[in-house]
>>> print(open('final-v3.tsv').read())   # TSV, C-alpha atoms and all ligand atoms
chain	number	residue	atom	x	y	z
A	232	MET	CA	244.51	-2.79	115.30
A	233	ALA	CA	242.78	-4.46	118.26
A	234	SER	CA	241.93	-1.13	119.86
A	235	TYR	CA	240.94	0.25	116.49
A	236	VAL	CA	238.30	-2.42	115.90
A	237	LYS	CA	237.22	-2.13	119.52
A	238	SER	CA	236.52	1.56	118.93
A	239	LEU	CA	234.22	0.44	116.12
A	240	GLY	CA	232.32	-1.82	118.51
A	241	GLN	CA	233.90	-5.05	117.24
A	242	PRO	CA	235.66	-7.80	119.18
A	243	THR	CA	239.45	-7.42	119.34
A	244	TYR	CA	240.22	-10.64	117.40
A	245	ARG	CA	238.89	-8.86	114.32
A	246	GLY	CA	241.97	-6.60	114.61
A	247	LYS	CA	244.23	-9.60	114.33
A	248	GLN	CA	242.33	-10.72	111.25
A	249	ILE	CA	242.76	-7.32	109.58
A	250	ALA	CA	246.49	-7.25	110.43
A	251	ASP	CA	246.81	-10.71	108.96
A	252	TRP	CA	245.17	-9.60	105.71
A	253	LEU	CA	247.36	-6.51	105.46
A	254	TYR	CA	250.74	-7.81	106.56
A	255	VAL	CA	250.69	-11.52	105.85
A	256	LYS	CA	248.27	-11.99	102.98
A	257	GLY	CA	249.03	-8.66	101.30
A	258	ALA	CA	245.41	-7.66	100.73
A	259	ARG	CA	244.98	-4.47	98.75
A	260	GLU	CA	241.22	-4.05	99.12
A	261	VAL	CA	238.98	-4.34	102.13
A	262	SER	CA	236.64	-6.39	99.93
A	263	GLU	CA	239.27	-9.14	99.87
A	264	MET	CA	238.99	-9.55	103.66
A	265	THR	CA	236.32	-12.18	103.30
A	266	ASN	CA	236.27	-13.43	106.88
A	267	LEU	CA	235.19	-10.02	108.19
A	268	PRO	CA	231.52	-9.24	108.61
A	269	GLU	CA	230.03	-7.02	105.91
A	270	VAL	CA	229.27	-4.24	108.39
A	271	LEU	CA	232.92	-4.04	109.55
A	272	ARG	CA	234.17	-4.05	105.97
A	273	GLU	CA	231.92	-1.10	105.25
A	274	GLN	CA	233.13	0.72	108.36
A	275	ILE	CA	236.80	0.44	107.45
A	276	ALA	CA	236.57	0.66	103.66
A	277	SER	CA	237.46	4.35	103.41
A	278	ASP	CA	239.72	4.68	106.46
A	279	ALA	CA	243.21	5.99	105.65
A	280	ALA	CA	244.60	3.76	108.39
A	281	ILE	CA	243.61	0.66	106.43
A	282	THR	CA	243.41	1.57	102.75
A	283	ARG	CA	246.30	0.86	100.44
A	284	SER	CA	247.82	3.32	98.00
A	285	ARG	CA	247.44	3.07	94.24
A	286	VAL	CA	250.47	3.06	91.95
A	287	ILE	CA	249.85	5.71	89.33
A	288	LYS	CA	253.26	5.94	87.77
A	289	GLU	CA	256.45	3.91	87.77
A	290	SER	CA	259.80	5.12	86.40
A	291	ALA	CA	262.73	2.71	86.28
A	292	ALA	CA	266.35	3.80	85.84
A	293	PRO	CA	268.87	1.55	84.05
A	294	ASP	CA	270.48	0.70	87.41
A	295	GLY	CA	267.19	-0.84	88.56
A	296	THR	CA	266.24	2.01	90.89
A	297	THR	CA	262.51	2.52	90.46
A	298	LYS	CA	260.47	5.49	91.55
A	299	TYR	CA	256.78	5.06	92.26
A	300	LEU	CA	254.20	7.79	92.32
A	301	LEU	CA	251.56	6.64	94.77
A	302	GLN	CA	248.10	8.03	95.24
A	303	LEU	CA	246.66	8.06	98.75
A	304	SER	CA	243.03	7.60	99.74
A	305	ASP	CA	242.37	11.37	99.77
A	306	GLY	CA	243.87	11.83	96.29
A	307	GLU	CA	247.20	13.29	97.49
A	308	THR	CA	250.33	11.87	95.91
A	309	ILE	CA	253.75	10.94	97.24
A	310	GLU	CA	256.86	9.33	95.78
A	311	SER	CA	258.74	6.28	97.10
A	312	VAL	CA	261.84	4.65	95.69
A	313	LEU	CA	262.83	0.98	95.39
A	314	LEU	CA	266.59	0.40	95.39
A	315	PRO	CA	267.58	-3.16	94.46
A	316	TYR	CA	271.20	-4.15	95.18
A	317	SER	CA	272.78	-7.55	94.71
A	318	ASP	CA	272.73	-8.37	98.41
A	319	ARG	CA	269.76	-6.36	99.66
A	320	THR	CA	266.68	-4.37	98.71
A	321	SER	CA	266.06	-0.93	100.16
A	322	VAL	CA	262.98	1.19	100.07
A	323	CYS	CA	263.12	4.95	100.56
A	324	VAL	CA	259.84	6.10	102.12
A	325	SER	CA	258.14	9.45	102.45
A	326	THR	CA	256.77	10.57	105.83
A	327	GLN	CA	254.79	13.64	104.81
A	328	VAL	CA	253.01	15.03	101.76
A	329	GLY	CA	255.39	17.93	101.11
A	330	CYS	CA	257.66	19.33	103.80
A	331	ARG	CA	257.92	22.37	106.03
A	332	ALA	CA	261.70	22.58	106.42
A	333	GLY	CA	262.10	24.79	103.34
A	334	CYS	CA	265.61	23.62	102.29
A	335	LEU	CA	266.57	25.86	99.36
A	336	PHE	CA	268.22	23.04	97.39
A	337	CYS	CA	265.43	20.45	97.68
A	338	ALA	CA	262.55	19.79	95.26
A	339	THR	CA	260.17	18.60	97.98
A	340	ALA	CA	260.33	21.95	99.79
A	341	GLU	CA	258.62	23.79	96.96
A	342	CYS	CA	255.05	22.85	97.84
A	343	GLY	CA	255.34	23.35	101.59
A	344	LEU	CA	253.72	20.92	104.01
A	345	VAL	CA	250.36	19.51	102.97
A	346	ARG	CA	249.89	16.88	105.67
A	347	ASN	CA	251.51	14.14	107.72
A	348	LEU	CA	251.29	10.56	106.52
A	349	THR	CA	249.63	8.02	108.81
A	350	ALA	CA	251.66	5.06	110.08
A	351	GLY	CA	249.58	2.90	107.72
A	352	GLU	CA	250.51	5.05	104.74
A	353	ILE	CA	254.20	4.78	105.62
A	354	VAL	CA	254.09	0.99	106.00
A	355	ASP	CA	252.01	0.73	102.82
A	356	GLN	CA	254.89	2.17	100.80
A	357	VAL	CA	257.13	-0.71	101.88
A	358	LEU	CA	254.45	-3.34	101.20
A	359	THR	CA	253.53	-1.83	97.84
A	360	LEU	CA	257.12	-1.57	96.60
A	361	GLN	CA	257.81	-5.08	97.87
A	362	GLU	CA	254.92	-6.38	95.75
A	363	GLN	CA	255.88	-4.27	92.76
A	364	GLY	CA	259.54	-5.28	92.86
A	365	GLY	CA	258.75	-8.91	93.50
A	366	ARG	CA	261.51	-9.15	96.08
A	367	ARG	CA	261.59	-9.03	99.83
A	368	VAL	CA	262.52	-5.61	101.22
A	369	THR	CA	265.42	-5.84	103.67
A	370	HIS	CA	266.19	-2.19	104.48
A	371	VAL	CA	264.04	0.90	104.91
A	372	VAL	CA	265.34	4.46	104.83
A	373	PHE	CA	263.13	7.34	105.93
A	374	MET	CA	264.69	9.68	103.39
A	375	GLY	CA	261.84	10.41	101.01
A	376	MET	CA	259.56	13.42	101.10
A	377	GLY	CA	259.01	15.12	104.43
A	378	GLU	CA	260.72	15.48	107.79
A	379	PRO	CA	260.30	12.28	109.83
A	380	LEU	CA	260.93	13.96	113.18
A	381	MET	CA	258.09	16.41	112.56
A	382	ASN	CA	255.74	13.45	112.32
A	383	MET	CA	257.16	11.52	115.27
A	384	PRO	CA	254.14	9.58	116.59
A	385	ASN	CA	253.28	8.13	113.17
A	386	VAL	CA	256.92	7.47	112.26
A	387	LEU	CA	257.50	5.62	115.54
A	388	LYS	CA	254.35	3.59	115.03
A	389	ALA	CA	255.47	2.75	111.48
A	390	ILE	CA	258.92	1.65	112.71
A	391	HIS	CA	257.31	-0.72	115.20
A	392	LEU	CA	254.92	-2.09	112.56
A	393	LEU	CA	257.78	-2.64	110.11
A	394	ASN	CA	259.68	-4.39	112.83
A	395	ASP	CA	256.88	-6.52	114.32
A	396	GLU	CA	254.66	-7.19	111.31
A	397	VAL	CA	256.84	-6.87	108.20
A	398	GLY	CA	259.95	-8.39	109.80
A	399	ILE	CA	262.45	-5.61	109.12
A	400	SER	CA	264.90	-5.38	111.96
A	401	MET	CA	265.52	-2.04	113.67
A	402	ARG	CA	269.15	-2.14	112.62
A	403	ARG	CA	268.07	-2.05	109.01
A	404	ILE	CA	265.99	1.09	109.44
A	405	THR	CA	267.52	4.55	108.98
A	406	ILE	CA	265.84	7.84	109.75
A	407	SER	CA	267.22	10.99	108.17
A	408	THR	CA	266.44	14.30	109.86
A	409	VAL	CA	267.02	17.94	109.08
A	410	GLY	CA	267.97	18.27	112.78
A	411	ILE	CA	265.06	18.81	115.17
A	412	THR	CA	267.06	18.90	118.41
A	413	PRO	CA	264.29	18.12	120.96
A	414	ALA	CA	263.02	15.23	118.82
A	415	ILE	CA	266.55	13.77	118.60
A	416	ARG	CA	266.72	13.91	122.41
A	417	LYS	CA	263.36	12.17	122.67
A	418	LEU	CA	264.47	9.50	120.20
A	419	ALA	CA	267.65	8.92	122.23
A	420	GLU	CA	265.53	8.22	125.32
A	421	LEU	CA	263.65	5.51	123.42
A	422	ASP	CA	266.99	3.83	122.78
A	423	LEU	CA	265.94	2.08	119.55
A	424	GLN	CA	268.51	0.22	117.47
A	425	ILE	CA	267.76	2.27	114.35
A	426	THR	CA	270.36	4.40	112.56
A	427	LEU	CA	270.03	8.15	112.81
A	428	ALA	CA	271.27	10.29	109.94
A	429	LEU	CA	271.56	14.06	110.27
A	430	SER	CA	271.40	16.33	107.24
A	431	LEU	CA	274.20	18.67	108.27
A	432	HIS	CA	275.17	20.21	104.91
A	433	ALA	CA	277.12	23.14	106.40
A	434	PRO	CA	279.96	23.44	108.92
A	435	ASN	CA	278.61	26.57	110.66
A	436	ASP	CA	275.26	28.09	111.62
A	437	ASP	CA	275.52	31.08	109.27
A	438	LEU	CA	275.68	28.98	106.14
A	439	ARG	CA	273.34	26.32	107.50
A	440	ARG	CA	270.62	28.91	108.11
A	441	GLN	CA	270.95	30.18	104.56
A	442	LEU	CA	270.46	26.70	103.12
A	443	ILE	CA	268.03	25.24	105.66
A	444	PRO	CA	265.71	27.98	106.96
A	445	ILE	CA	264.22	25.83	109.73
A	446	SER	CA	267.69	25.31	111.23
A	447	GLU	CA	267.48	28.80	112.70
A	448	LYS	CA	265.47	27.24	115.52
A	449	PHE	CA	268.05	24.53	116.14
A	450	PRO	CA	271.57	26.00	116.51
A	451	LEU	CA	274.53	23.69	115.92
A	452	PRO	CA	276.02	23.60	119.45
A	453	GLU	CA	272.85	22.09	120.96
A	454	LEU	CA	272.15	19.99	117.86
A	455	MET	CA	275.63	18.43	117.90
A	456	SER	CA	275.40	17.82	121.63
A	457	ALA	CA	272.05	16.03	121.13
A	458	CYS	CA	273.69	13.88	118.42
A	459	LYS	CA	276.59	13.08	120.70
A	460	ASP	CA	274.20	12.06	123.48
A	461	TYR	CA	272.21	9.97	121.01
A	462	ALA	CA	275.32	8.06	119.93
A	463	ASP	CA	276.59	7.63	123.50
A	464	ARG	CA	273.27	6.35	124.73
A	465	THR	CA	272.31	4.04	121.86
A	466	LYS	CA	275.91	3.03	121.06
A	467	ARG	CA	274.90	3.57	117.44
A	468	ARG	CA	277.15	5.66	115.25
A	469	ILE	CA	275.42	8.67	113.72
A	470	THR	CA	275.57	9.28	109.98
A	471	LEU	CA	276.25	12.90	109.10
A	472	GLU	CA	275.00	13.65	105.63
A	473	TYR	CA	276.85	16.43	103.88
A	474	LEU	CA	275.50	17.62	100.57
A	475	LEU	CA	278.23	19.05	98.34
A	476	ILE	CA	277.16	22.09	96.31
A	477	ALA	CA	279.70	23.80	94.04
A	478	GLY	CA	280.98	27.10	95.42
A	479	VAL	CA	278.60	27.00	98.39
A	480	ASN	CA	279.86	24.47	100.93
A	481	ASP	CA	282.61	22.51	99.15
A	482	ALA	CA	285.79	24.48	99.96
A	483	PRO	CA	288.70	22.75	101.74
A	484	GLU	CA	288.45	25.32	104.58
A	485	GLN	CA	284.83	24.27	105.06
A	486	ALA	CA	285.95	20.64	105.25
A	487	ALA	CA	288.43	21.63	107.97
A	488	GLN	CA	285.71	23.46	109.87
A	489	LEU	CA	283.45	20.42	109.53
A	490	ALA	CA	286.19	18.18	110.94
A	491	GLY	CA	286.41	20.48	113.95
A	492	LEU	CA	282.66	20.38	114.51
A	493	LEU	CA	282.62	16.58	114.58
A	494	ARG	CA	285.39	16.09	117.12
A	495	GLY	CA	284.18	13.80	119.88
A	496	VAL	CA	280.95	12.71	118.13
A	497	MET	CA	280.82	8.99	117.28
A	498	SER	CA	279.90	9.42	113.64
A	499	HIS	CA	280.87	9.09	110.04
A	500	VAL	CA	280.34	11.50	107.17
A	501	ASN	CA	278.34	10.55	104.10
A	502	LEU	CA	279.10	12.92	101.24
A	503	ILE	CA	276.22	13.48	98.81
A	504	PRO	CA	277.19	15.22	95.57
A	505	TYR	CA	274.31	17.55	94.74
A	506	ASN	CA	271.62	16.23	92.40
A	507	GLU	CA	270.50	19.07	90.24
A	508	VAL	CA	266.89	20.22	90.50
A	509	PRO	CA	265.37	22.17	87.58
A	510	GLY	CA	264.85	25.82	88.46
A	511	LYS	CA	267.41	25.85	91.27
A	512	PRO	CA	270.73	27.65	90.91
A	513	TYR	CA	272.83	24.97	92.60
A	514	LYS	CA	275.40	22.80	90.84
A	515	ARG	CA	277.28	19.64	91.67
A	516	PRO	CA	281.01	20.22	92.33
A	517	ALA	CA	283.65	18.86	89.96
A	518	ARG	CA	285.05	15.43	90.79
A	519	GLU	CA	288.38	16.98	91.93
A	520	ALA	CA	286.64	19.33	94.37
A	521	ILE	CA	284.76	16.39	95.89
A	522	ALA	CA	287.99	14.41	96.23
A	523	ALA	CA	289.80	17.37	97.82
A	524	PHE	CA	287.00	17.90	100.33
A	525	ARG	CA	287.04	14.24	101.17
A	526	SER	CA	290.78	14.09	101.73
A	527	VAL	CA	290.74	17.01	104.19
A	528	LEU	CA	288.23	15.08	106.30
A	529	GLU	CA	290.19	11.83	106.01
A	530	GLU	CA	293.43	13.51	107.01
A	531	ALA	CA	291.64	14.79	110.11
A	532	GLY	CA	290.85	11.15	110.97
A	533	ILE	CA	287.18	11.24	110.02
A	534	GLU	CA	285.57	8.27	108.36
A	535	VAL	CA	284.00	9.28	105.05
A	536	THR	CA	281.77	7.48	102.58
A	537	GLN	CA	280.26	8.81	99.40
A	538	ARG	CA	276.63	8.14	98.57
A	539	MET	CA	276.21	5.76	95.68
A	540	GLU	CA	274.41	7.42	92.83
A	541	ARG	CA	271.12	5.78	92.05
A	542	GLY	CA	268.05	6.72	90.09
A	543	HIS	CA	269.39	9.97	88.71
A	544	SER	CA	267.97	9.51	85.22
A	545	VAL	CA	264.39	9.30	86.50
A	546	SER	CA	264.69	12.06	89.12
A	547	ALA	CA	264.49	9.49	91.90
A	548	ALA	CA	267.72	10.60	93.57
A	549	CYS	CA	268.00	12.46	96.90
A	550	GLY	CA	266.24	15.79	96.84
A	551	GLN	CA	264.43	15.13	93.56
A	552	LEU	CA	261.14	13.79	94.93
A	553	ARG	CA	258.06	15.93	94.69
A	554	ARG	CA	254.32	15.85	95.04
A	555	ARG	CA	252.84	15.64	91.59
A	556	THR	CA	249.49	16.71	90.42
A	557	GLY	CA	247.78	14.82	87.67
A	558	LEU	CA	249.77	12.17	85.88
A	559	THR	CA	252.66	14.30	84.67
A	601	LIG	N1	263.84	15.64	105.82
A	601	LIG	C1	264.84	14.63	105.99
A	601	LIG	C2	264.80	13.49	104.98
A	601	LIG	C3	264.55	13.78	103.51
A	601	LIG	S1	265.81	14.25	102.41
A	601	LIG	C4	266.21	15.27	105.99
A	601	LIG	O1	266.31	16.47	105.80
A	601	LIG	O2	267.19	14.58	106.25
A	601	LIG	C5	267.05	13.06	102.28
A	601	LIG	C6	268.42	13.70	102.03
A	601	LIG	O3	268.56	14.25	100.69
A	601	LIG	C7	268.69	14.86	102.97
A	601	LIG	O4	269.99	14.78	103.46
A	601	LIG	C8	268.52	16.05	102.04
A	601	LIG	O5	269.12	17.20	102.54
A	601	LIG	C9	269.16	15.53	100.78
A	601	LIG	N2	268.87	16.34	99.59
A	601	LIG	C10	267.89	17.25	99.40
A	601	LIG	N3	267.96	17.80	98.18
A	601	LIG	C11	269.01	17.21	97.56
A	601	LIG	C12	269.59	17.31	96.26
A	601	LIG	N4	269.07	18.12	95.35
A	601	LIG	N5	270.66	16.55	95.97
A	601	LIG	C13	271.15	15.66	96.88
A	601	LIG	N6	270.66	15.51	98.11
A	601	LIG	C14	269.60	16.27	98.45
>>> encode(input="final-v3.tsv", output="structure tokens")
Amino acid sequence: MASYVKSLGQPTYRGKQIADWLYVKGAREVSEMTNLPEVLREQIASDAAITRSRVIKESAAPDGTTKYLLQLSDGETIESVLLPYSDRTSVCVSTQVGCRAGCLFCATAECGLVRNLTAGEIVDQVLTLQEQGGRRVTHVVFMGMGEPLMNMPNVLKAIHLLNDEVGISMRRITISTVGITPAIRKLAELDLQITLALSLHAPNDDLRRQLIPISEKFPLPELMSACKDYADRTKRRITLEYLLIAGVNDAPEQAAQLAGLLRGVMSHVNLIPYNEVPGKPYKRPAREAIAAFRSVLEEAGIEVTQRMERGHSVSAACGQLRRRTGLT
């Protein structure tokens, strides 16, 4: 912020004042920043780095999960989700408008990538949902729209801002990636105390490439070795997300193959039963199939958790977020 105001020909302490308005006082409009000179307020009024989003729609599920449709300064829209639990409050943030990964099962993939979000727009989602929910956000998951590791500089900046200015500790931040191997290696070098989650979703490259087109560029042997190095270096256990889709990747033999793939990687598996997306052919497996898949992994000594279902009734669950046009 100091170098930002400096680039506008203003003294650096003005940066501190702006940060104070944004992060401490929760200002939503530049016009509220009354201790700034008029000329500076005019300069920053339309800058995406400073402006706050506008809530244009809010949908609450009976479990309290609330999805917000936010409009950005250029009119684009994104979705963010507030997840209140009894002992904590999580926010699921988007990192891009749309996404380029092209996952066949995901609603966000349909519009392709429109643009990256700025660090300010990522942090804004946390501040906005904190205000809206009226409770302090304790955890942030980068699991909304977009691929965080394809917007690394802004995501890293946002993590540091959340940590330094909003007071969310690194250990309470999780980044979920489709598996961009070189970016995982770069992240390992930074040795941050965040949690890394990998969207694995298939136990072999053939199937993975069918489901996640971009994974063709990042074959499993190198990807798994980057994850192993990440865990060894940061001493942080990796979360391996595995979406369960009926008849596609939920067979017991596929569970056995998955167990083999994970040998030697400090990790645990998080099973995500598929959330259906209108217009897509995929279905959630029956309860028994999920249990059978799970027990093969457990018998192989792998720690397994199952993602708690939240926000389903308002399409706020994993894979159901999309860019909306208009107010529909
Ligand atoms: N691009 C990142 C983060 C966004 S998606 C990533 O790929 O990890 C967050 C998680 O939801 C990912 O694991 C994603 O694969 C999963 N997901 C996508 N569509 C889904 C659906 N319809 N049902 C359940 N999970 C889904």
>>> residues_around(input="final-v3.tsv", residues="Gly495 (chain A)", least_positions_apart="4", cutoff="10 Å", atoms="all atoms listed in the file", output="list of chain:residue names")
A:Met455, A:Ser456, A:Lys459, A:Gly491
>>> residues_near_ligand(input="final-v3.tsv", ligand="ligand LIG 601 (chain A)", cutoff="9 Å", atoms="all atoms listed in the file", output="PyMOL selection string")
chain A and resi 325-326+330-332+334-340+373-381+406-410+428-432+443+471-476+503-508+511+513+515+548-552
>>> atom_distance(input="final-v3.tsv", atom1="CA of Val357 (chain A)", atom2="CA of Arg259 (chain A)")
13.1 Å
>>> atom_distance(input="final-v3.tsv", atom1="CA of Glu362 (chain A)", atom2="CA of Glu289 (chain A)")
13.1 Å
>>> axis_aligned_box(input="final-v3.tsv", around="region 238-250 of chain A", padding_each_side="4 Å", output="AutoDock Vina command-line options")
--center_x 239.4 --center_y -4.6 --center_z 114.5 --size_x 22.2 --size_y 20.3 --size_z 17.8
>>> closest_residue(input="final-v3.tsv", among="A:Gly398, A:Pro509, A:Gly365, A:Pro434", to="Arg553 (chain A)", atoms="all atoms listed in the file")
A:Pro509
>>> residues_around(input="final-v3.tsv", residues="region 269-281 of chain A", least_positions_apart="6", cutoff="9 Å", atoms="only C-alpha atoms", output="PyMOL selection string")
chain A and resi 236+239+241+249+253+260-262+303-305+349-352
>>> closest_residue(input="final-v3.tsv", among="A:Lys514, A:Lys237, A:Arg403, A:Arg367", to="Gly478 (chain A)", atoms="only C-alpha atoms")
A:Lys514
>>> closest_residue(input="final-v3.tsv", among="A:Thr320, A:Asn435, A:Asn385, A:Thr296", to="Arg541 (chain A)", atoms="only C-alpha atoms")
A:Thr296
>>> residues_around(input="final-v3.tsv", residues="Thr412 (chain A)", least_positions_apart="2", cutoff="10 Å", atoms="all atoms listed in the file", output="VMD selection string")
chain A and resid 380 408 to 410 414 to 418 446 448 to 451 453 to 458
>>> closest_atom_pairs(input="final-v3.tsv", of="region 446-518 of chain A", to="region 527-532 of chain A", cutoff="10 Å", atoms="all atoms listed in the file", output="JSON lines")
{"residue": "A:Ala482", "atom": "CA", "partner": "A:Val527", "partner_atom": "CA", "distance": 9.9}
{"residue": "A:Pro483", "atom": "CA", "partner": "A:Val527", "partner_atom": "CA", "distance": 6.6}
{"residue": "A:Glu484", "atom": "CA", "partner": "A:Val527", "partner_atom": "CA", "distance": 8.6}
{"residue": "A:Gln485", "atom": "CA", "partner": "A:Val527", "partner_atom": "CA", "distance": 9.4}
{"residue": "A:Ala486", "atom": "CA", "partner": "A:Leu528", "partner_atom": "CA", "distance": 6.1}
{"residue": "A:Ala487", "atom": "CA", "partner": "A:Val527", "partner_atom": "CA", "distance": 6.4}
{"residue": "A:Gln488", "atom": "CA", "partner": "A:Leu528", "partner_atom": "CA", "distance": 9.5}
{"residue": "A:Leu489", "atom": "CA", "partner": "A:Leu528", "partner_atom": "CA", "distance": 7.9}
{"residue": "A:Ala490", "atom": "CA", "partner": "A:Leu528", "partner_atom": "CA", "distance": 5.9}
{"residue": "A:Gly491", "atom": "CA", "partner": "A:Ala531", "partner_atom": "CA", "distance": 8.6}
{"residue": "A:Arg494", "atom": "CA", "partner": "A:Ala531", "partner_atom": "CA", "distance": 9.5}
{"residue": "A:Val500", "atom": "CA", "partner": "A:Leu528", "partner_atom": "CA", "distance": 8.7}
>>> atom_distance(input="final-v3.tsv", atom1="CA of Thr265 (chain A)", atom2="CA of Leu348 (chain A)")
27.4 Å
>>> closest_residue(input="final-v3.tsv", among="A:Val372, A:Pro293, A:Val328, A:Glu396", to="Gly257 (chain A)", atoms="all atoms listed in the file")
A:Glu396
>>> residues_near_point(input="final-v3.tsv", point="(259.3, 9.1, 86.0)", cutoff="8 Å", atoms="only C-alpha atoms", output="list in words")
Lys288, Glu289, Ser290, Ala291, Lys298, Tyr299, Val545, Ser546 and Ala547 of chain A
